[in-house]
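Below: one structure, written as structure tokens.
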Amino acid sequence: MPAIQSPESVEIHPDVELVARAKDGDVAAFERLVRQYDRQIFRVAQHITQNREDAEDITQDVFFKAYQKLEQFQGNSKFSTWLVRIAVNESLMRLRKRKTSKTVSMDEDVHTEEGSIPRDFAEWRPNPEQEFNQSELGEILRKTIQGLPPGFRTVFTLRDIENLSTEETAEALGLSVPAVKSRLLRARLQLRERLSRYFKRKESQPA
Amino acid sequence: MTCTDFLARLTDYFDGTVPSGLVAEVQKHISECKHCEVVLDSTTKTINIYRNQEMYDFTPELEERLHSAIMTRCYGAEKQTAK
């Protein structure tokens, strides 16, 4: 499998100019940034909160906060990583509010050993996703990722779904690179284990 | 290389960051251990399936609604309608 890490670009990212223009009050430049990243921010928020209404509110809040704090963005990281970081914080705050007394953080449940050792060694079908229609597959994937602790779900979302590099993921979450790698491994193995019941090779396939 | 060693290297293997001296060892282990071969194959498929499947609808209507709400919050209704 090819490397998943995105290549580091040495060229100046086009966002740098858009951000500079937006800082100078250029509405169209900020609008371009919103259009560029609204889908990604919505997806991140939806993955972490698992709630559509929350994801819509968070998407609005993220861009509003970004607008308010635009002067503070120094360009040390990508603009998109900065937005994702705001989205993660807002999403975790929503989860905390929803759960009231229970703390939700990047550390919740990550100390459990559950799922860290593979148990299911059945071979998967060559293209298991093709055995299901789009809505069935979507339901399986949603249900499965929902079962992960938020700390694992968030790392998997940023690294594997949004394709951030390990370093960008660490930066967005305020974690060390080894912590991201460790959580990513556990997240991947837990998802693999849970999906195996749907995707493994067998005589009678589930409906 | 043991199965535990292999698992410890799995993330680096996906990232293409296994130290060059260890790549051959990892590949040798995969070719000799059926369990780890299955874990590698099914984990690869897990990542690819999640990456390729758009799990949540983001319709043009939703985008327009969000876009309009964001721009109004940031710049106010007047500037929006004037644009």
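Order determines the names: the first chain of the structure tokens is A, the second B, and so forth; residues in each chain are numbered 1 upward, and ligands are numbered 1 upward as they are shown.
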I'd like a table as CSV: residues in chain A with an atom no more than 7 Å from chain B, each row giving the shortest atom pair and its distance in Å to one decimal, only C-alpha atoms counted, sorted by chain and rising residue number.
```
residue,atom,partner,partner_atom,distance
A:Met1,CA,B:Phe14,CA,6.9
A:Ala3,CA,B:Asp15,CA,4.6
A:Ile4,CA,B:Asp15,CA,5.2
A:Gln5,CA,B:Asp15,CA,5.6
A:Arg39,CA,B:Phe58,CA,6.8
A:Gln60,CA,B:Ile70,CA,5.4
A:Phe63,CA,B:Ile70,CA,6.6
A:Phe64,CA,B:Cys74,CA,6.0
A:Tyr67,CA,B:Cys74,CA,6.7
A:Phe121,CA,B:His35,CA,5.6
A:Glu123,CA,B:Val38,CA,5.7
A:Trp124,CA,B:Ser42,CA,6.3
A:Glu129,CA,B:Ile49,CA,6.9
A:Gly138,CA,B:Met55,CA,5.5
A:Asp160,CA,B:Ile47,CA,6.4
A:Ile161,CA,B:Arg51,CA,4.8
A:Lys181,CA,B:Thr11,CA,6.5
A:Leu185,CA,B:Thr11,CA,6.1
A:Arg188,CA,B:Thr43,CA,6.5
A:Leu189,CA,B:Thr43,CA,6.8
A:Arg192,CA,B:Thr43,CA,5.6
```
Within 9 Å of Glu162 (chain A), counting only C-alpha atoms, which residues show up once you throw out same-chain ones fewer than 4 positions away? Write them as a VMD selection string, please. (chain A and resid 40 43 to 44 156 to 158) or (chain B and resid 51)
Export C-alpha atoms of the chosen residues as a compact mmCIF listing (two decimals), in the first residue's frame?
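Written out: out-v4.txt:
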```txt
# COMPACT_ATOMS: atom_id res chain seq x y z
CA GLN A 40 -14.26 19.34 5.64
CA ARG A 43 -17.39 16.32 8.23
CA VAL A 44 -14.91 16.55 11.10
CA PHE A 156 -8.79 8.23 12.87
CA THR A 157 -10.99 10.95 11.34
CA LEU A 158 -8.19 13.46 10.96
CA ARG B 51 -11.63 7.13 3.02
```
Just how far from CA of Thr59 (chain A) is CA of Arg85 (chain A), in Å to one decimal? 12.2 Å
Among region 4-157 of chain A, which residues carry a DSSP assignment of helix (DSSP H, G or I), reported as a PyMOL selection string? chain A and resi 14-23+27-49+52-68+70-72+79-99+128-131+134-146+150-157
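For the pair CA of Ser31 (chain B) and CA of Arg201 (chain A), the separation is 20.1 Å.
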Which residues are close to Ala45 (chain A), i.e. within 12 Å by only C-alpha atoms, leaving aside same-chain residues fewer than 2 positions away? Reply as a ChimeraX atom specification. /A:38-43,47-62,83-95,150,153-154,157-158,162 /B:56
Rounded to one decimal in Å, what is the spacing between CA of Ser80 (chain A) and CA of Leu33 (chain A)?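 CA of Ser80 (chain A) sits 9.0 Å away from CA of Leu33 (chain A).
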